[in-house]
file data.tsv (TSV, C-alpha atoms)
chain	number	residue	atom	x	y	z
A	146	MET	CA	39.57	62.25	-33.42
A	147	SER	CA	39.16	64.36	-30.26
A	148	SER	CA	41.76	66.90	-29.23
A	149	PRO	CA	44.08	66.22	-26.26
A	150	ALA	CA	42.28	68.93	-24.29
A	151	SER	CA	38.92	67.36	-24.96
A	152	ALA	CA	40.19	63.89	-24.01
A	153	LEU	CA	41.59	65.26	-20.78
A	154	SER	CA	38.27	66.91	-20.01
A	155	ASN	CA	36.43	63.65	-20.65
A	156	PHE	CA	38.85	61.78	-18.45
A	157	ARG	CA	38.40	64.30	-15.63
A	158	SER	CA	34.66	64.03	-15.97
A	159	LEU	CA	34.75	60.21	-15.86
A	160	ASN	CA	37.18	60.27	-12.96
A	161	ALA	CA	34.99	62.66	-10.98
A	162	ARG	CA	31.98	60.42	-11.57
A	163	ALA	CA	33.93	57.34	-10.49
A	164	GLU	CA	35.06	59.09	-7.32
A	165	GLN	CA	31.47	60.03	-6.56
A	166	ASP	CA	30.45	56.41	-7.06
A	167	ASP	CA	33.26	55.25	-4.78
A	168	GLN	CA	32.17	57.70	-2.12
A	169	LYS	CA	28.57	56.52	-2.33
A	170	ARG	CA	29.73	52.92	-2.09
A	171	GLU	CA	31.89	53.66	0.95
A	172	GLU	CA	28.99	55.38	2.65
A	173	ALA	CA	26.79	52.37	2.04
A	174	THR	CA	29.41	49.82	3.06
A	175	PRO	CA	30.72	49.21	6.59
A	176	GLU	CA	34.36	50.17	7.07
A	177	GLY	CA	36.61	47.55	5.58
A	178	GLY	CA	33.64	45.61	4.28
A	179	VAL	CA	32.64	44.59	0.82
A	180	MET	CA	29.39	45.13	-0.92
A	181	PRO	CA	27.15	42.14	-0.23
A	182	CYS	CA	26.19	40.23	-3.31
A	183	PRO	CA	22.44	40.69	-3.74
A	184	TYR	CA	22.20	37.01	-4.78
A	185	ALA	CA	23.63	35.94	-1.41
A	186	LYS	CA	20.76	37.68	0.35
A	187	ARG	CA	18.26	35.40	-1.31
A	188	ARG	CA	17.05	32.49	0.70
A	189	ILE	CA	17.11	28.85	-0.21
A	190	ARG	CA	14.05	26.71	-0.48
A	191	ILE	CA	13.29	23.48	1.29
A	192	ARG	CA	10.46	21.34	-0.04
A	193	ILE	CA	9.74	18.11	1.77
A	194	VAL	CA	6.95	15.70	0.93
A	195	VAL	CA	5.81	13.75	3.99
A	196	ARG	CA	4.58	10.21	3.39
A	197	ASP	CA	3.32	7.59	5.80
A	198	PHE	CA	4.28	3.98	6.30
A	199	TYR	CA	2.37	3.03	3.12
A	200	PHE	CA	3.82	5.90	1.08
A	201	SER	CA	0.52	7.77	1.19
A	202	LEU	CA	0.72	11.55	1.46
A	203	VAL	CA	0.44	12.76	5.03
A	204	LYS	CA	-2.27	15.35	4.45
A	205	ASN	CA	-3.44	18.21	6.63
A	206	LYS	CA	-1.14	17.50	9.54
A	207	ARG	CA	0.52	20.06	11.77
A	208	TYR	CA	4.27	20.50	11.45
A	209	GLU	CA	7.10	22.59	12.78
A	210	LEU	CA	10.30	23.18	10.84
A	211	THR	CA	13.33	24.68	12.56
A	212	VAL	CA	16.37	25.67	10.52
A	213	GLU	CA	19.36	27.35	12.14
A	214	GLY	CA	17.20	28.69	14.95
A	215	GLU	CA	14.48	30.01	12.66
A	216	GLY	CA	11.11	28.37	13.20
A	217	PHE	CA	8.25	27.79	10.80
A	218	ALA	CA	4.91	26.21	11.60
A	219	GLY	CA	2.21	25.07	9.27
A	220	ASN	CA	0.01	22.35	7.91
A	221	THR	CA	0.95	19.83	5.26
A	222	GLY	CA	-2.22	20.59	3.29
A	223	ASP	CA	-3.59	18.39	0.54
A	224	THR	CA	-0.20	17.59	-0.94
A	225	GLY	CA	1.64	16.55	2.22
A	226	LEU	CA	4.18	19.29	1.58
A	227	VAL	CA	6.45	21.32	3.82
A	228	ASP	CA	7.73	24.23	1.74
A	229	HIS	CA	9.74	27.14	3.18
A	230	LEU	CA	12.43	29.65	2.35
A	231	VAL	CA	15.24	29.41	4.85
A	232	LYS	CA	18.61	31.07	5.41
A	233	ARG	CA	21.17	30.43	2.71
A	234	GLY	CA	24.05	28.44	4.07
A	235	ALA	CA	21.94	26.57	6.62
A	236	LYS	CA	23.33	23.11	7.21
A	237	THR	CA	20.96	21.48	9.67
A	238	GLY	CA	17.35	21.55	10.71
A	239	GLU	CA	14.61	19.67	12.45
A	240	LEU	CA	11.17	18.69	11.22
A	241	LYS	CA	8.36	17.66	13.55
A	242	VAL	CA	5.11	16.27	12.17
A	243	TRP	CA	2.14	15.49	14.36
A	244	PHE	CA	0.57	12.42	12.83
A	245	GLU	CA	-1.98	10.51	14.89
A	246	GLY	CA	-0.39	10.41	18.32
A	247	ALA	CA	0.16	13.22	20.76
A	248	GLU	CA	3.89	13.19	20.17
A	249	PRO	CA	5.38	14.23	16.84
A	250	CYS	CA	7.62	12.27	14.54
A	251	VAL	CA	10.93	14.11	14.51
A	252	TRP	CA	13.57	14.14	11.77
A	253	GLU	CA	17.05	15.51	12.03
A	254	LEU	CA	17.65	17.24	8.72
A	255	THR	CA	20.95	17.65	6.96
A	256	ILE	CA	20.78	20.31	4.27
A	257	ASP	CA	23.12	19.31	1.54
A	258	ASP	CA	23.24	18.51	-2.14
A	259	ILE	CA	22.11	15.05	-3.15
A	260	ASP	CA	23.45	13.21	-6.15
A	261	PRO	CA	21.05	12.76	-9.08
A	262	LEU	CA	18.63	9.86	-8.89
A	263	ALA	CA	20.36	8.24	-11.86
A	264	LEU	CA	23.42	7.60	-9.70
A	265	ASP	CA	23.34	4.82	-7.11
A	266	THR	CA	24.55	7.21	-4.41
A	267	GLY	CA	21.62	9.52	-5.19
A	268	ALA	CA	19.11	6.69	-5.15
A	269	GLU	CA	20.51	5.33	-1.88
A	270	THR	CA	20.21	8.71	-0.15
A	271	ARG	CA	16.61	8.98	-1.33
A	272	LEU	CA	15.87	5.46	-0.10
A	273	ARG	CA	17.42	6.23	3.28
A	274	ASN	CA	15.23	9.33	3.59
A	275	LEU	CA	12.24	7.04	3.18
A	276	GLY	CA	13.55	4.69	5.86
A	277	ILE	CA	14.24	1.93	3.38
A	278	ALA	CA	17.94	1.31	3.89
A	279	TRP	CA	18.35	1.18	7.61
A	280	SER	CA	22.04	1.71	7.91
A	281	ALA	CA	24.42	3.67	5.73
A	282	GLU	CA	27.45	1.81	6.95
A	283	GLY	CA	28.02	-1.83	7.53
A	284	THR	CA	24.86	-2.90	5.79
A	285	GLU	CA	25.21	-6.42	4.54
A	286	GLU	CA	24.26	-7.18	0.98
A	287	THR	CA	21.37	-9.39	2.11
A	288	GLU	CA	19.97	-6.57	4.24
A	289	THR	CA	20.10	-4.09	1.38
A	290	GLU	CA	18.38	-6.62	-0.82
A	291	ALA	CA	15.68	-7.21	1.79
A	292	GLU	CA	15.08	-3.50	2.24
A	293	LEU	CA	14.89	-2.92	-1.48
A	294	ASP	CA	12.40	-5.77	-1.70
A	295	THR	CA	10.32	-4.06	0.97
A	296	PHE	CA	10.19	-0.98	-1.23
A	297	ARG	CA	9.54	-2.99	-4.38
A	298	GLY	CA	6.85	-5.00	-2.63
A	299	ALA	CA	4.97	-1.83	-1.71
A	300	PHE	CA	4.71	-1.02	-5.43
A	301	ARG	CA	4.26	-4.58	-6.67
A	302	LEU	CA	7.56	-4.58	-8.42
A	303	PRO	CA	9.23	-7.96	-8.72
A	304	ASP	CA	11.89	-8.82	-6.16
A	305	GLY	CA	15.41	-8.32	-7.37
A	306	ASP	CA	18.92	-8.21	-6.13
A	307	ALA	CA	20.73	-5.36	-4.41
A	308	GLU	CA	20.94	-3.43	-7.70
A	309	ILE	CA	18.65	-0.42	-7.97
A	310	ASP	CA	16.97	-0.98	-11.31
A	311	ALA	CA	15.15	1.47	-13.58
A	312	LYS	CA	11.65	0.62	-12.31
A	313	THR	CA	12.73	1.04	-8.71
A	314	ARG	CA	14.18	4.45	-9.60
A	315	GLU	CA	10.92	5.38	-11.33
A	316	GLN	CA	8.87	4.52	-8.25
A	317	LEU	CA	11.36	6.32	-6.08
A	318	GLU	CA	10.86	9.42	-8.17
A	319	SER	CA	7.10	9.13	-7.74
A	320	ALA	CA	7.51	8.84	-3.97
A	321	TYR	CA	9.29	12.20	-4.05
A	322	SER	CA	6.44	13.89	-5.90
A	323	THR	CA	3.35	15.45	-4.38
A	324	GLN	CA	1.14	13.12	-6.37
A	325	PRO	CA	-0.75	10.26	-4.72
A	326	ILE	CA	0.77	6.90	-5.56
A	327	GLU	CA	-0.88	3.52	-5.54
A	328	THR	CA	0.61	0.91	-3.26
A	329	VAL	CA	-0.59	-2.34	-1.75
A	330	ARG	CA	-2.11	-0.45	1.15
A	331	LYS	CA	-5.50	-2.07	0.83
A	332	HIS	CA	-4.20	-5.30	2.27
A	333	TYR	CA	-2.84	-3.58	5.31
A	334	PHE	CA	-1.83	-6.65	7.15
A	335	VAL	CA	0.13	-9.44	5.59
A	336	PHE	CA	1.49	-12.63	6.96
A	337	GLU	CA	4.47	-13.11	4.77
A	338	SER	CA	7.09	-15.72	4.34
A	339	ARG	CA	10.17	-14.33	2.63
A	340	GLN	CA	11.45	-17.25	0.69
B	89	MET	CA	1.10	10.53	26.46
B	90	ASP	CA	1.48	8.02	23.71
B	91	GLU	CA	4.36	6.10	25.18
B	92	LEU	CA	5.54	4.54	21.97
B	93	ASN	CA	5.49	7.66	19.85
B	94	ARG	CA	8.76	8.77	21.34
B	95	GLY	CA	10.44	5.58	20.33
B	96	TYR	CA	11.08	5.80	16.61
B	97	GLY	CA	14.73	6.29	17.28
B	98	ILE	CA	16.57	9.05	15.54
B	99	LEU	CA	15.10	9.66	12.12
B	100	LYS	CA	17.44	11.35	9.72
B	101	ALA	CA	16.98	12.83	6.29
B	102	THR	CA	19.03	14.81	3.84
B	103	VAL	CA	17.25	17.62	2.03
B	104	ARG	CA	18.58	19.77	-0.74
B	105	PRO	CA	19.11	23.53	-0.64
B	106	LEU	CA	16.92	24.43	-3.60
B	107	GLU	CA	16.82	27.82	-5.22
B	108	GLU	CA	14.02	30.14	-4.27
B	109	GLY	CA	12.17	29.81	-7.55
B	110	ASP	CA	12.48	26.06	-7.71
B	111	GLY	CA	8.99	24.78	-7.18
B	112	VAL	CA	9.50	21.53	-9.04
B	113	ASN	CA	11.98	19.49	-7.05
B	114	ASN	CA	10.99	17.92	-3.76
B	115	ASP	CA	12.64	15.87	-1.10
B	116	ALA	CA	10.72	13.35	0.95
B	117	VAL	CA	10.53	11.72	4.35
B	118	ARG	CA	8.43	8.81	5.48
B	119	ILE	CA	6.89	8.02	8.81
B	120	PRO	CA	8.27	4.59	9.57
B	121	GLY	CA	6.69	1.56	11.07
B	122	ARG	CA	8.45	-0.13	13.94
B	123	ARG	CA	10.35	-3.08	12.64
B	124	LEU	CA	10.65	-5.50	15.49
B	125	TYR	CA	11.80	-9.03	16.10
B	126	GLY	CA	9.05	-10.74	18.04
B	127	TYR	CA	9.57	-13.83	20.14
B	128	ILE	CA	6.38	-15.92	20.16
B	129	ASP	CA	5.77	-16.39	23.84
B	130	GLY	CA	2.24	-17.62	23.38
B	131	MET	CA	0.10	-18.64	20.43
B	132	GLU	CA	-3.25	-20.36	20.52
B	133	MET	CA	-6.52	-20.61	18.69
B	134	GLU	CA	-9.48	-19.69	20.81
B	135	GLU	CA	-13.18	-18.88	20.50
B	136	ASP	CA	-14.82	-15.71	21.66
B	137	SER	CA	-18.31	-15.43	23.15
B	138	ASP	CA	-19.83	-15.32	19.64
B	139	GLU	CA	-18.08	-18.56	18.79
B	140	GLN	CA	-15.82	-16.70	16.41
B	141	ARG	CA	-12.48	-18.43	16.12
B	142	ARG	CA	-9.51	-16.19	16.62
B	143	LEU	CA	-5.77	-16.32	16.86
B	144	HIS	CA	-4.23	-15.08	20.08
B	145	LEU	CA	-0.55	-14.12	19.82
B	146	MET	CA	1.73	-12.78	22.52
B	147	LEU	CA	5.04	-11.48	21.24
B	148	TYR	CA	8.08	-10.25	23.15
B	149	CYS	CA	9.60	-7.71	20.79
B	150	ILE	CA	12.96	-6.03	20.41
B	151	ASP	CA	14.07	-3.30	18.04
B	152	ALA	CA	15.19	-5.01	14.84
B	153	ASP	CA	17.56	-2.19	13.85
B	154	TRP	CA	19.27	-2.39	17.21
B	155	PHE	CA	19.65	-6.16	17.03
B	156	ASP	CA	20.94	-6.05	13.45
B	157	GLN	CA	23.94	-4.05	14.60
B	158	PHE	CA	25.42	-7.11	16.24
B	159	LYS	CA	27.82	-9.22	14.34
B	160	ASP	CA	27.91	-12.99	14.43
B	161	ASN	CA	28.36	-13.19	18.15
B	162	LEU	CA	26.54	-11.05	20.65
B	163	SER	CA	29.54	-10.22	22.76
B	164	ASN	CA	29.56	-6.57	21.69
B	165	MET	CA	26.02	-6.05	22.96
B	166	PRO	CA	26.95	-3.90	25.97
B	167	ALA	CA	29.21	-1.78	23.76
B	168	ILE	CA	26.41	-0.56	21.53
B	169	ASP	CA	25.63	3.03	22.45
B	170	THR	CA	21.91	3.52	22.90
B	171	THR	CA	22.19	6.94	24.50
B	172	GLY	CA	19.33	9.16	23.48
B	173	ARG	CA	17.42	6.36	21.91
B	174	ASP	CA	14.47	5.13	23.88
B	175	SER	CA	14.00	1.42	23.99
B	176	LEU	CA	11.54	-0.10	21.54
B	177	ALA	CA	11.39	-3.32	23.54
B	178	CYS	CA	7.77	-4.14	24.17
B	179	MET	CA	5.19	-6.84	24.49
B	180	VAL	CA	2.64	-7.02	21.69
B	181	GLU	CA	-0.64	-8.85	22.13
B	182	ALA	CA	-2.66	-9.56	19.02
B	183	ILE	CA	-6.07	-11.17	18.86
B	184	VAL	CA	-7.13	-11.63	15.24
B	185	ARG	CA	-10.41	-13.12	14.09
B	186	LEU	CA	-9.91	-15.96	11.67
B	187	ASP	CA	-12.63	-14.72	9.32
B	188	ILE	CA	-10.67	-11.48	8.88
B	189	LEU	CA	-7.53	-13.41	8.11
B	190	GLU	CA	-9.41	-15.55	5.62
B	191	SER	CA	-10.80	-12.53	3.78
B	192	LEU	CA	-7.35	-10.99	3.66
B	193	LYS	CA	-6.01	-14.18	2.24
B	194	GLU	CA	-8.65	-14.07	-0.51
B	195	PHE	CA	-7.74	-10.48	-1.37
B	196	ALA	CA	-4.09	-11.39	-1.54
B	197	GLU	CA	-4.71	-14.42	-3.72
B	198	GLN	CA	-6.82	-12.36	-6.11
B	199	ASP	CA	-3.92	-9.99	-6.53
B	200	GLY	CA	-1.39	-12.76	-6.79
B	201	GLU	CA	0.41	-11.73	-3.63
B	202	ASP	CA	2.08	-13.90	-1.05
B	203	PHE	CA	-0.02	-14.65	1.96
B	204	HIS	CA	1.32	-17.39	4.17
B	205	LEU	CA	-0.99	-18.27	6.99
B	206	ASP	CA	0.08	-21.76	7.71
B	207	PHE	CA	-0.01	-22.24	11.44
B	208	GLU	CA	1.66	-25.60	11.03
B	209	ALA	CA	4.70	-23.81	9.60
B	210	VAL	CA	7.71	-23.91	11.84
B	211	HIS	CA	8.00	-20.12	11.97
B	212	MET	CA	4.54	-19.84	13.53
B	213	SER	CA	5.05	-21.63	16.79
B	214	GLU	CA	5.88	-20.79	20.36
B	215	GLY	CA	9.55	-20.20	21.05
B	216	TRP	CA	10.17	-18.99	17.49
B	217	TRP	CA	10.99	-15.50	16.22
B	218	LEU	CA	9.12	-13.39	13.67
B	219	GLU	CA	9.86	-10.10	11.99
B	220	VAL	CA	6.91	-7.79	12.58
B	221	TRP	CA	5.97	-4.23	11.73
B	222	VAL	CA	3.92	-2.39	14.32
B	223	SER	CA	2.65	1.17	14.23
B	224	THR	CA	0.96	3.30	16.81
B	225	ASP	CA	0.19	5.88	14.12
B	226	VAL	CA	-1.12	4.06	11.07
B	227	GLN	CA	-4.15	1.83	11.47
B	228	SER	CA	-4.62	-1.60	9.98
B	229	VAL	CA	-7.29	-4.24	10.27
B	230	CYS	CA	-5.26	-5.90	13.02
B	231	PRO	CA	-5.36	-3.86	16.22
B	232	VAL	CA	-2.93	-4.93	18.90
B	233	THR	CA	-2.14	-3.92	22.43
B	234	VAL	CA	1.40	-2.73	22.95
B	235	PHE	CA	3.00	-2.83	26.38
B	236	PRO	CA	5.92	-0.41	26.23
B	237	PRO	CA	8.83	-0.37	28.66
B	238	ALA	CA	8.91	1.94	31.62
B	239	GLU	CA	9.14	5.58	30.64
B	240	GLY	CA	12.76	6.62	30.21
B	241	SER	CA	13.98	3.06	29.78
B	242	VAL	CA	16.83	2.88	27.31
B	243	ASP	CA	17.74	-0.77	27.74
B	244	PRO	CA	16.72	-2.36	24.44
B	245	ALA	CA	16.91	-5.86	25.86
B	246	THR	CA	14.54	-5.49	28.80
B	247	ILE	CA	10.98	-6.48	28.07
B	248	GLY	CA	8.22	-6.65	30.61
B	249	ASN	CA	4.74	-5.56	31.47
B	250	THR	CA	5.01	-2.30	33.36
B	251	GLY	CA	1.27	-1.81	33.43
B	252	ASN	CA	1.40	0.73	30.60
B	253	GLU	CA	-0.42	-0.11	27.41
B	254	VAL	CA	-1.15	1.73	24.19
B	255	ALA	CA	-3.17	0.93	21.10
B	256	GLY	CA	-1.22	-0.11	18.04
B	257	TRP	CA	-1.69	-1.96	14.78
B	258	LEU	CA	0.15	-4.89	13.32
B	259	HIS	CA	1.02	-4.40	9.67
B	260	ARG	CA	3.15	-7.23	8.59
B	261	VAL	CA	4.56	-10.49	9.83
B	262	ALA	CA	7.43	-12.21	8.08
B	263	ARG	CA	9.86	-15.01	8.66
B	264	VAL	CA	13.22	-13.88	9.93
B	265	ARG	CA	15.77	-14.01	7.16
B	266	PRO	CA	18.55	-14.92	6.63
B	267	PRO	CA	18.79	-18.08	8.77
B	268	SER	CA	21.97	-16.80	10.46
B	269	ARG	CA	19.96	-13.96	11.94
B	270	LEU	CA	17.36	-16.35	13.24
B	271	ALA	CA	20.10	-18.42	14.85
B	272	LYS	CA	21.45	-15.28	16.47
B	273	LEU	CA	17.99	-14.47	17.81
B	274	HIS	CA	17.68	-17.97	19.24
B	275	ARG	CA	20.99	-17.53	21.03
B	276	PHE	CA	19.74	-14.21	22.35
B	277	SER	CA	16.52	-15.72	23.71
B	278	HIS	CA	18.39	-18.59	25.30
B	279	GLY	CA	20.83	-16.26	27.02
B	280	GLY	CA	23.84	-17.49	25.11
B	281	LEU	CA	26.31	-15.06	23.60

call {"tool": "encode", "arguments": {"input": "data.tsv", "output": "structure tokens"}}
result
Amino acid sequence: MSSPASALSNFRSLNARAEQDDQKREEATPEGGVMPCPYAKRRIRIRIVVRDFYFSLVKNKRYELTVEGEGFAGNTGDTGLVDHLVKRGAKTGELKVWFEGAEPCVWELTIDDIDPLALDTGAETRLRNLGIAWSAEGTEETETEAELDTFRGAFRLPDGDAEIDAKTREQLESAYSTQPIETVRKHYFVFESRQ
Amino acid sequence: MDELNRGYGILKATVRPLEEGDGVNNDAVRIPGRRLYGYIDGMEMEEDSDEQRRLHLMLYCIDADWFDQFKDNLSNMPAIDTTGRDSLACMVEAIVRLDILESLKEFAEQDGEDFHLDFEAVHMSEGWWLEVWVSTDVQSVCPVTVFPPAEGSVDPATIGNTGNEVAGWLHRVARVRPPSRLAKLHRFSHGGL
């Protein structure tokens, strides 16, 4: 056991070191401020796969991404991907992709968490991103069904009802990957009678 | 300027804030086609100089998403806010060679897909409405001429030839479903609300 004098000496030593640390911290921190969490300085990542009308990857096309006033420009490359680190806490953005025409396609981006694909809400958000469900509100059941059938038809899945089944979810997952996916593109142009 | 490229409407997407090291998850967007309701103003079979038979279609088209916002009656039409959304109303002229259509039909049949090309069908006649997908970005085997509205026009119900024309491609033609929507379109084309 240490003597009281020795304990006091140790305490004084520890206290002096703590005061030094406090002083260093105050010098490094603005008056009244708190030390920024190093984690908060890290940026978040946005990765967007761009697909065309037939769900093919939009390769080697020029794009511009603007998030909270910060601009990024690039090319979608061989994987049709837009991939950037942006400011943490950003809530909105804009993506422009120059496809074939002189004017770009423009998306208003909301940066927010999305429910998992296994949940209907997550699947619906992903479908809306692909332009499948046209309206979030007021969509009649028959319209949802028709839009889902449009998606299913592109992948030769059988028509179904307004339920998002497992195969539809699987194809949806593939549409969110950077891998090429096979659709009915080769027919291009179909006269169709929805019975 | 490609007149129609500005007319996709407002495309929206939600993307996730992923962590810096997350190189696995992706979000996705898709360049849409223009889904239109097309009124068949003219439809005839004709022969070109090489005696190739072809189908000549003239469609008066309105934005399907815009029209779908209306409920059973059309009385709320003026109340729909189209601010900031350029009109997609346009005329679409398609001239398709029959031999191309026939080969497409064969492809479709081989793959067991629907391909309805029955010109005797009631939905393929003048004065009827079709649901069509047109793109000015993505090519198909069916080129069309698109006559967009005057630049800056935001009235989705005004269709006319302003002398502007751009190249486009027809991707899909379908019957309008459900029947109530078709009835609503007929009321629209006959000026009844």

call {"tool": "interface_residues", "arguments": {"input": "data.tsv", "of": "chain B", "to": "chain A", "cutoff": "6 Å", "atoms": "only C-alpha atoms", "output": "VMD selection string"}}
result
chain B and resid 93 99 to 108 114 to 121 203 to 204 225 228 259 to 263

call {"tool": "residues_around", "arguments": {"input": "data.tsv", "residues": "Gly222 (chain A)", "least_positions_apart": "2", "cutoff": "8 Å", "atoms": "all atoms listed in the file", "output": "ChimeraX atom specification"}}
result
/A:204-206,220,224-226

call {"tool": "residues_around", "arguments": {"input": "data.tsv", "residues": "region 130-140 of chain B", "least_positions_apart": "4", "cutoff": "12 Å", "atoms": "all atoms listed in the file", "output": "PyMOL selection string"}}
result
chain B and resi 126+144-148+179-188+207-208+211-217

call {"tool": "atom_distance", "arguments": {"input": "data.tsv", "atom1": "CA of Ala268 (chain A)", "atom2": "CA of Arg314 (chain A)"}}
result
7.0 Å
